[in-house]
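K.L.:
Pasting in a structure now, in structure tokens, and then I'll have a few things to ask.
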Amino acid sequence: MGRPRPERLERLPQQYFVALLGRVAAAAREAGPPLVDLGRGNPEVGPPPHVVAALRDSADGEVHGYSPIRGLARTKEALAARYRDVYGVELDPETEIALVPGTKTAIVELALALADEGETILLPDPYYPDYPSGPALAGARLETFPLHADAGWAPDLDAAPAAAALYLNYPSNPCAVCAPEGVFAGAVRWAERTGGAVVHDAAYVDLVFDGRRPQSFLATPGAKDAGVEMWSMSKTYGMAGWRIGFVAGNAEIVERINLLNDHNRVGIFEPLQHAAIAALEGPQDSVAARVAAYERRRDTLAAALPVPFVCEGTFYVWIELPDGLGAERLLEEHRVAVAPGEGFGPSGAGWARLSLAVSDEAIALGAERLAQAFAAVVA
Ligand SMILES: Cc1ncc(COP(=O)(O)O)c(C=O)c1O
């Protein structure tokens, strides 16, 4: 085909995780001891058996035609119940919840739904590397502002500039902190001051450690006027491959997502929705077990590494690398893959993200190799 690609595709940044997976796969093929891959954030344990059974059982029914475009009412009611019971938030399932095939899709759709060409989308830096893709497709301008480790990676939103939308993410990937005191209220004030919309990404909302309680942005007074929250089945229930999530909160923004869905896709396979309902309404002990496993692996790393780190939630550790030790060297010389910090924005330079979503054995081996690598450069 002789025609050039449309400009909007040319604007897309390099996809960080696709590049990372390629680099790690190439390193794994090289001669040497088996690689320890702490680079990728992919839940290592799937959903509990009753969730898989709900998928299997409902797949035997009359579910193979097109499903309702905007999702089953029951699915959205199940999420509304979760918000009411766990996060203390009342949502109208019909108007304040949209169903999406994974929140990665919503990250892009929200940029299309909120920003006109040339308008700005604002990101605190470090940020989740998928965020720039939506603004690129929307023709929006990306503006970042730096966060600082010594301020607990907390943004000063009262000083943040105006924009069509501000993306926030707590617990934070990659910084592994929960929402610092007052940040959600600051986000509401930012929206009131600028007229922009807040997009809060709650992908890891339930994976919080040391007895913390899961915290929704929507529980903040004024939040439903200010914006929306993305809520994912992927991390809480180990359903990352299933592709099912939600956008909840401001009814006008939810309607815009539904409008895009009306044009873009035809519902979500019903058995997936029945499985999501089973996960949301059934026993929650698998979530507690997941949290306990991530805490345990975090503690293994903390005991082994000479550099202290903060890890309040998610399934990542965000750590500053000593001078002379980059992600490339860790991969090539020490056979440990990590996610290089600079991929999360300029403020991530010199840092690395380590995944806890691997086996205990992989964490133990990774901790040993990392400790040796750190010792080699510090000595
Ligand atoms: C911060 C953050 N947001 C969103 C996503 C995408 O999640 P989903 O599986 O719902 O598309 C991820 C996945 O790793 C993530 O880390």
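Within each chain, counting starts at residue 1; across the structure tokens, chains are named A, B, ... in the order shown, with ligands numbered 1 upward in that order.
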Give the residues close to ligand 1, within 9 Å, counting only C-alpha atoms and all ligand atoms; write them as a PyMOL selection string.
P.N.:
chain A and resi 40-42+100-107+127-131+169-174+201-204+230-235+239-246+314
K.L.:
What are the nearest atom pairs, with distances in Å to one decimal, for all residues of range 260-362 of chain A that come at most 9 Å from range 143-148 of chain A, using only C-alpha atoms, set out by chain and rising residue number as CSV?
P.N.:
residue,atom,partner,partner_atom,distance
A:Gly345,CA,A:Thr144,CA,8.4
A:Pro346,CA,A:Pro146,CA,7.9
A:Ser347,CA,A:Pro146,CA,6.1
K.L.:
If you keep N, CA and C atoms, can you produce a file of those selected residues as an mmCIF file, in the first residue's frame?
P.N.:
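The result, stored in out-v4.cif:
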data_model
loop_
_atom_site.group_PDB
_atom_site.id
_atom_site.type_symbol
_atom_site.label_atom_id
_atom_site.label_comp_id
_atom_site.auth_asym_id
_atom_site.auth_seq_id
_atom_site.Cartn_x
_atom_site.Cartn_y
_atom_site.Cartn_z
ATOM 1 N N GLY A 345 8.091 8.329 32.623
ATOM 2 C CA GLY A 345 8.210 9.782 32.587
ATOM 3 C C GLY A 345 9.587 10.210 33.067
ATOM 4 N N PRO A 346 9.985 11.469 32.761
ATOM 5 C CA PRO A 346 11.330 11.938 33.093
ATOM 6 C C PRO A 346 11.674 11.792 34.575
ATOM 7 N N SER A 347 10.683 11.940 35.466
ATOM 8 C CA SER A 347 10.992 11.843 36.907
ATOM 9 C C SER A 347 11.325 10.419 37.336
#
K.L.:
Within range 126-178 of chain A, find each residue whose DSSP state, derived from the backbone, is alpha helix (DSSP H), and express the selection as a PyMOL selection string.
P.N.:
chain A and resi 133-138
K.L.:
Go ahead and dump the residues you just picked, N, CA and C atoms, as a short mmCIF file (atom, residue, chain, number, x, y, z; two decimals), in the first residue's frame.
P.N.:
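Below is the file again.cif, written as the result:
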data_model
loop_
_atom_site.label_atom_id
_atom_site.label_comp_id
_atom_site.auth_asym_id
_atom_site.auth_seq_id
_atom_site.Cartn_x
_atom_site.Cartn_y
_atom_site.Cartn_z
N SER A 133 -1.04 7.56 25.21
CA SER A 133 -1.59 7.06 23.94
C SER A 133 -2.92 7.74 23.58
N GLY A 134 -3.81 7.88 24.55
CA GLY A 134 -5.12 8.48 24.28
C GLY A 134 -4.99 9.92 23.81
N PRO A 135 -4.24 10.74 24.54
CA PRO A 135 -4.03 12.11 24.05
C PRO A 135 -3.45 12.15 22.64
N ALA A 136 -2.55 11.23 22.32
CA ALA A 136 -1.95 11.22 20.97
C ALA A 136 -3.04 10.97 19.92
N LEU A 137 -3.91 9.99 20.18
CA LEU A 137 -4.97 9.69 19.21
C LEU A 137 -5.98 10.84 19.13
N ALA A 138 -6.22 11.49 20.26
CA ALA A 138 -7.19 12.59 20.30
C ALA A 138 -6.60 13.87 19.71
#
K.L.:
Restrict the calculation to only C-alpha atoms, then for each residue of range 210-262 of chain A with any atom at most 7 Å from an atom of range 84-94 of chain A give the closest atom pair and their distance in Å to one decimal, rows by chain and rising residue number, as a Markdown table.
P.N.:
| residue | atom | partner | partner_atom | distance |
| --- | --- | --- | --- | --- |
| A:Pro214 | CA | A:Tyr87 | CA | 6.9 |
| A:Gln215 | CA | A:Tyr87 | CA | 6.1 |
| A:Ser216 | CA | A:Tyr87 | CA | 5.9 |
| A:Leu218 | CA | A:Val89 | CA | 6.6 |
| A:Ala219 | CA | A:Val89 | CA | 5.5 |
K.L.:
Near Glu270 in chain A, within 7 Å and counting only C-alpha atoms, which residues show up once chain neighbours fewer than 2 positions away are dropped, as a count of residues only?
P.N.:
6
K.L.:
Would you mind listing what lies within 12 Å of Gly211 in chain A as a PDB file with N, CA, C and O atoms, in the first residue's frame, with only C-alpha atoms counted and same-chain residues fewer than 2 positions away left out?
P.N.:
ATOM      1  N   ASP A 206      -7.964  -2.256  45.462  1.00  0.00           N
ATOM      2  CA  ASP A 206      -8.127  -3.202  46.574  1.00  0.00           C
ATOM      3  C   ASP A 206      -6.806  -3.809  47.041  1.00  0.00           C
ATOM      4  O   ASP A 206      -6.786  -4.530  48.039  1.00  0.00           O
ATOM      5  N   LEU A 207      -5.725  -3.525  46.320  1.00  0.00           N
ATOM      6  CA  LEU A 207      -4.432  -4.124  46.676  1.00  0.00           C
ATOM      7  C   LEU A 207      -3.639  -3.137  47.529  1.00  0.00           C
ATOM      8  O   LEU A 207      -2.700  -2.484  47.062  1.00  0.00           O
ATOM      9  N   VAL A 208      -4.069  -2.998  48.782  1.00  0.00           N
ATOM     10  CA  VAL A 208      -3.421  -2.073  49.712  1.00  0.00           C
ATOM     11  C   VAL A 208      -2.941  -2.848  50.930  1.00  0.00           C
ATOM     12  O   VAL A 208      -3.568  -3.823  51.340  1.00  0.00           O
ATOM     13  N   PHE A 209      -1.817  -2.409  51.490  1.00  0.00           N
ATOM     14  CA  PHE A 209      -1.095  -3.223  52.472  1.00  0.00           C
ATOM     15  C   PHE A 209      -1.162  -2.637  53.878  1.00  0.00           C
ATOM     16  O   PHE A 209      -1.557  -1.490  54.073  1.00  0.00           O
ATOM     17  N   ARG A 213      -7.261   0.654  54.188  1.00  0.00           N
ATOM     18  CA  ARG A 213      -8.571   0.367  53.597  1.00  0.00           C
ATOM     19  C   ARG A 213      -8.604   0.887  52.162  1.00  0.00           C
ATOM     20  O   ARG A 213      -8.096   1.981  51.887  1.00  0.00           O
ATOM     21  N   PRO A 214      -9.204   0.116  51.251  1.00  0.00           N
ATOM     22  CA  PRO A 214      -9.325   0.595  49.868  1.00  0.00           C
ATOM     23  C   PRO A 214     -10.061   1.940  49.829  1.00  0.00           C
ATOM     24  O   PRO A 214     -11.048   2.133  50.555  1.00  0.00           O
ATOM     25  N   ALA A 288      -8.005 -11.163  49.767  1.00  0.00           N
ATOM     26  CA  ALA A 288      -7.161 -11.093  50.971  1.00  0.00           C
ATOM     27  C   ALA A 288      -5.897 -11.930  50.782  1.00  0.00           C
ATOM     28  O   ALA A 288      -4.794 -11.517  51.182  1.00  0.00           O
ATOM     29  N   VAL A 291      -3.465 -10.023  48.549  1.00  0.00           N
ATOM     30  CA  VAL A 291      -2.815  -8.926  49.289  1.00  0.00           C
ATOM     31  C   VAL A 291      -1.722  -9.499  50.197  1.00  0.00           C
ATOM     32  O   VAL A 291      -0.598  -8.974  50.247  1.00  0.00           O
ATOM     33  N   ALA A 292      -2.029 -10.592  50.878  1.00  0.00           N
ATOM     34  CA  ALA A 292      -1.049 -11.193  51.798  1.00  0.00           C
ATOM     35  C   ALA A 292       0.187 -11.655  51.030  1.00  0.00           C
ATOM     36  O   ALA A 292       1.323 -11.482  51.494  1.00  0.00           O
ATOM     37  N   GLU A 295       2.273  -8.576  50.041  1.00  0.00           N
ATOM     38  CA  GLU A 295       2.953  -8.041  51.244  1.00  0.00           C
ATOM     39  C   GLU A 295       4.170  -8.902  51.591  1.00  0.00           C
ATOM     40  O   GLU A 295       5.236  -8.391  51.900  1.00  0.00           O
ATOM     41  N   GLU A 312       3.082   0.852  49.629  1.00  0.00           N
ATOM     42  CA  GLU A 312       1.820   0.853  50.391  1.00  0.00           C
ATOM     43  C   GLU A 312       0.710   0.063  49.701  1.00  0.00           C
ATOM     44  O   GLU A 312      -0.311  -0.239  50.312  1.00  0.00           O
ATOM     45  N   GLY A 313       0.902  -0.222  48.402  1.00  0.00           N
ATOM     46  CA  GLY A 313      -0.145  -0.917  47.655  1.00  0.00           C
ATOM     47  C   GLY A 313       0.322  -1.211  46.250  1.00  0.00           C
ATOM     48  O   GLY A 313       1.496  -0.996  45.926  1.00  0.00           O
TER      49      GLY A 313
END
K.L.:
Which one of A:Val377, A:Val310, A:Asp156, A:Ala81 sits closest to Gly324 in chain A if you count only C-alpha atoms?
P.N.:
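Under the stated criterion, the closest residue is A:Val377.
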K.L.:
Quick one: residues within 9 Å of Arg298 in chain A, only C-alpha atoms counted, chain neighbours fewer than 3 positions away excluded, as a list in words?
P.N.:
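Once the nearby chain positions are removed, what remains is Ala293, Tyr294, Glu295, Leu301, Ala302, Ala303, Cys311, Phe315, Tyr316, Val317, Leu356 and Ile363 of chain A.
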K.L.:
Keeping only N, CA, C and O atoms, write those residues as a PDB file, in the first residue's frame.
P.N.:
ATOM      1  N   ALA A 293      -0.011 -12.226  49.838  1.00  0.00           N
ATOM      2  CA  ALA A 293       1.133 -12.705  49.045  1.00  0.00           C
ATOM      3  C   ALA A 293       2.007 -11.526  48.607  1.00  0.00           C
ATOM      4  O   ALA A 293       3.240 -11.594  48.683  1.00  0.00           O
ATOM      5  N   TYR A 294       1.385 -10.427  48.179  1.00  0.00           N
ATOM      6  CA  TYR A 294       2.185  -9.277  47.721  1.00  0.00           C
ATOM      7  C   TYR A 294       2.939  -8.637  48.895  1.00  0.00           C
ATOM      8  O   TYR A 294       4.096  -8.237  48.762  1.00  0.00           O
ATOM      9  N   GLU A 295       2.273  -8.576  50.041  1.00  0.00           N
ATOM     10  CA  GLU A 295       2.953  -8.041  51.244  1.00  0.00           C
ATOM     11  C   GLU A 295       4.170  -8.902  51.591  1.00  0.00           C
ATOM     12  O   GLU A 295       5.236  -8.391  51.900  1.00  0.00           O
ATOM     13  N   LEU A 301      11.779  -8.598  49.564  1.00  0.00           N
ATOM     14  CA  LEU A 301      12.662  -7.654  48.866  1.00  0.00           C
ATOM     15  C   LEU A 301      13.241  -6.638  49.845  1.00  0.00           C
ATOM     16  O   LEU A 301      14.429  -6.318  49.801  1.00  0.00           O
ATOM     17  N   ALA A 302      12.397  -6.157  50.751  1.00  0.00           N
ATOM     18  CA  ALA A 302      12.860  -5.130  51.708  1.00  0.00           C
ATOM     19  C   ALA A 302      13.992  -5.674  52.575  1.00  0.00           C
ATOM     20  O   ALA A 302      14.944  -4.953  52.893  1.00  0.00           O
ATOM     21  N   ALA A 303      13.874  -6.950  52.933  1.00  0.00           N
ATOM     22  CA  ALA A 303      14.902  -7.547  53.793  1.00  0.00           C
ATOM     23  C   ALA A 303      16.212  -7.743  53.023  1.00  0.00           C
ATOM     24  O   ALA A 303      17.295  -7.687  53.610  1.00  0.00           O
ATOM     25  N   CYS A 311       6.273   1.004  49.955  1.00  0.00           N
ATOM     26  CA  CYS A 311       5.354   0.203  49.135  1.00  0.00           C
ATOM     27  C   CYS A 311       4.066   0.007  49.931  1.00  0.00           C
ATOM     28  O   CYS A 311       3.989  -0.859  50.789  1.00  0.00           O
ATOM     29  N   PHE A 315       1.021  -4.070  43.079  1.00  0.00           N
ATOM     30  CA  PHE A 315       1.932  -5.210  43.241  1.00  0.00           C
ATOM     31  C   PHE A 315       3.284  -4.877  42.644  1.00  0.00           C
ATOM     32  O   PHE A 315       3.897  -5.677  41.956  1.00  0.00           O
ATOM     33  N   TYR A 316       3.735  -3.652  42.989  1.00  0.00           N
ATOM     34  CA  TYR A 316       5.037  -3.203  42.517  1.00  0.00           C
ATOM     35  C   TYR A 316       5.862  -2.664  43.675  1.00  0.00           C
ATOM     36  O   TYR A 316       5.310  -2.198  44.686  1.00  0.00           O
ATOM     37  N   VAL A 317       7.168  -2.708  43.463  1.00  0.00           N
ATOM     38  CA  VAL A 317       8.100  -1.968  44.302  1.00  0.00           C
ATOM     39  C   VAL A 317       8.776  -0.957  43.379  1.00  0.00           C
ATOM     40  O   VAL A 317       9.202  -1.303  42.270  1.00  0.00           O
ATOM     41  N   LEU A 356       5.774  -7.689  41.945  1.00  0.00           N
ATOM     42  CA  LEU A 356       5.582  -8.716  42.976  1.00  0.00           C
ATOM     43  C   LEU A 356       4.620  -9.802  42.485  1.00  0.00           C
ATOM     44  O   LEU A 356       4.349 -10.761  43.218  1.00  0.00           O
ATOM     45  N   ILE A 363      10.689 -14.283  43.459  1.00  0.00           N
ATOM     46  CA  ILE A 363      11.046 -13.112  44.283  1.00  0.00           C
ATOM     47  C   ILE A 363      12.317 -13.409  45.081  1.00  0.00           C
ATOM     48  O   ILE A 363      13.214 -12.562  45.166  1.00  0.00           O
TER      49      ILE A 363
END
K.L.:
Near Ala154 in chain A, within 12 Å and counting only C-alpha atoms, which residues show up once chain neighbours fewer than 2 positions away are dropped, as an MDAnalysis selection string?
P.N.:
chainID A and resid 124:126 145:152 156:158 168:172 175:184 186:187
K.L.:
Restrict the selected residues to N, CA and C atoms and save them as a short mmCIF file (atom, residue, chain, number, x, y, z; two decimals), in the first residue's frame.
P.N.:
data_model
loop_
_atom_site.label_atom_id
_atom_site.label_comp_id
_atom_site.auth_asym_id
_atom_site.auth_seq_id
_atom_site.Cartn_x
_atom_site.Cartn_y
_atom_site.Cartn_z
N PRO A 124 0.61 14.00 36.26
CA PRO A 124 1.75 14.02 37.17
C PRO A 124 2.75 12.96 36.71
N ASP A 125 4.04 13.29 36.83
CA ASP A 125 5.12 12.41 36.35
C ASP A 125 5.95 11.97 37.54
N PRO A 126 6.15 10.66 37.81
CA PRO A 126 5.89 9.48 36.99
C PRO A 126 4.40 9.15 36.80
N PHE A 145 3.87 17.29 34.95
CA PHE A 145 4.58 18.06 35.97
C PHE A 145 5.21 17.08 36.94
N PRO A 146 6.42 17.40 37.41
CA PRO A 146 7.18 16.39 38.16
C PRO A 146 6.69 16.20 39.59
N LEU A 147 6.72 14.96 40.03
CA LEU A 147 6.52 14.63 41.45
C LEU A 147 7.89 14.30 42.03
N HIS A 148 7.98 14.36 43.37
CA HIS A 148 9.28 14.17 44.00
C HIS A 148 9.20 13.11 45.09
N ALA A 149 10.23 12.26 45.11
CA ALA A 149 10.25 11.17 46.09
C ALA A 149 10.20 11.73 47.51
N ASP A 150 10.93 12.82 47.77
CA ASP A 150 10.98 13.31 49.16
C ASP A 150 9.67 13.96 49.59
N ALA A 151 8.75 14.19 48.65
CA ALA A 151 7.40 14.66 49.02
C ALA A 151 6.41 13.49 48.96
N GLY A 152 6.93 12.25 48.98
CA GLY A 152 6.05 11.08 48.93
C GLY A 152 5.32 10.98 47.59
N ASP A 156 1.01 18.70 44.05
CA ASP A 156 0.38 19.91 44.58
C ASP A 156 -0.64 20.38 43.54
N LEU A 157 -1.86 19.92 43.69
CA LEU A 157 -2.84 20.19 42.63
C LEU A 157 -3.36 21.62 42.68
N ASP A 158 -3.17 22.30 43.82
CA ASP A 158 -3.58 23.72 43.85
C ASP A 158 -2.66 24.56 42.97
N LEU A 168 -5.10 10.81 37.33
CA LEU A 168 -4.44 10.43 38.58
C LEU A 168 -4.57 8.92 38.75
N ASN A 169 -3.72 8.32 39.55
CA ASN A 169 -3.74 6.86 39.73
C ASN A 169 -3.24 6.49 41.12
N TYR A 170 -4.17 6.04 41.96
CA TYR A 170 -3.84 5.57 43.33
C TYR A 170 -4.61 4.29 43.63
N PRO A 171 -3.97 3.32 44.27
CA PRO A 171 -2.54 3.22 44.51
C PRO A 171 -1.78 3.33 43.20
N SER A 172 -0.60 3.94 43.28
CA SER A 172 0.09 4.40 42.09
C SER A 172 0.97 3.34 41.45
N CYS A 175 4.59 4.24 41.49
CA CYS A 175 5.21 4.70 42.75
C CYS A 175 4.80 3.87 43.96
N ALA A 176 3.76 3.05 43.83
CA ALA A 176 3.32 2.12 44.88
C ALA A 176 2.89 2.84 46.16
N VAL A 177 2.47 4.12 46.03
CA VAL A 177 1.92 4.82 47.20
C VAL A 177 0.40 4.90 47.06
N CYS A 178 -0.29 4.93 48.21
CA CYS A 178 -1.73 5.20 48.21
C CYS A 178 -1.92 6.72 48.13
N ALA A 179 -3.16 7.14 47.89
CA ALA A 179 -3.40 8.58 47.72
C ALA A 179 -2.92 9.35 48.95
N PRO A 180 -1.97 10.25 48.78
CA PRO A 180 -1.53 11.04 49.92
C PRO A 180 -2.69 11.89 50.45
N GLU A 181 -2.65 12.13 51.76
CA GLU A 181 -3.67 12.93 52.45
C GLU A 181 -4.02 14.19 51.63
N GLY A 182 -5.28 14.39 51.36
CA GLY A 182 -5.73 15.64 50.74
C GLY A 182 -5.62 15.68 49.23
N VAL A 183 -5.04 14.68 48.59
CA VAL A 183 -4.87 14.76 47.13
C VAL A 183 -6.21 14.66 46.40
N PHE A 184 -7.08 13.78 46.87
CA PHE A 184 -8.38 13.67 46.19
C PHE A 184 -9.19 14.97 46.34
N GLY A 186 -7.89 17.87 46.71
CA GLY A 186 -7.19 18.81 45.84
C GLY A 186 -7.60 18.63 44.39
N ALA A 187 -7.86 17.38 44.00
CA ALA A 187 -8.29 17.11 42.63
C ALA A 187 -9.67 17.71 42.37
#
K.L.:
Leaving out Gly71 in chain A and any residue of its chain fewer than 6 positions from it, which residues lie within 8 Å of it when counting only C-alpha atoms, given as a short mmCIF file (atom, residue, chain, number, x, y, z; two decimals) with N, CA, C and O atoms, in the first residue's frame?
P.N.:
data_model
loop_
_atom_site.label_atom_id
_atom_site.label_comp_id
_atom_site.auth_asym_id
_atom_site.auth_seq_id
_atom_site.Cartn_x
_atom_site.Cartn_y
_atom_site.Cartn_z
N ALA A 98 -20.38 2.79 33.36
CA ALA A 98 -20.27 2.24 32.00
C ALA A 98 -19.36 1.03 32.05
O ALA A 98 -18.39 0.99 32.81
N LEU A 99 -19.71 0.05 31.20
CA LEU A 99 -18.91 -1.18 31.13
C LEU A 99 -17.93 -1.05 29.96
O LEU A 99 -18.31 -0.60 28.88
N GLY A 267 -21.30 -4.53 23.13
CA GLY A 267 -21.38 -5.17 24.45
C GLY A 267 -20.13 -5.97 24.79
O GLY A 267 -19.08 -5.86 24.15
N ILE A 268 -20.26 -6.76 25.82
CA ILE A 268 -19.19 -7.65 26.28
C ILE A 268 -19.82 -9.02 26.45
O ILE A 268 -20.92 -9.13 27.01
#
K.L.:
Find the residue from A:Leu331, A:Gly118, A:Gly222, A:Thr95 that sits nearest to Ala185 in chain A; use only C-alpha atoms when measuring.
P.N.:
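With only C-alpha atoms as the atom set, the closest residue is A:Gly222.
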K.L.:
Just give me the gap between CA of Asn250 in chain A and CA of Pro161 in chain A in Å, one decimal is fine.
P.N.:
21.6 Å
K.L.:
What separation in Å, quoted to one decimal, exists between CA of Gly341 in chain A and CA of Asp299 in chain A?
P.N.:
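Value for the CA of Gly341 in chain A-CA of Asp299 in chain A distance: 21.2 Å.
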K.L.:
For Ala251 in chain A, which residue out of A:Glu117, A:Glu96, A:Pro155, A:Ala367 is the nearest one, using only C-alpha atoms?
P.N.:
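Of A:Glu117, A:Glu96, A:Pro155, A:Ala367, the one nearest Ala251 in chain A is A:Glu96, counting only C-alpha atoms.
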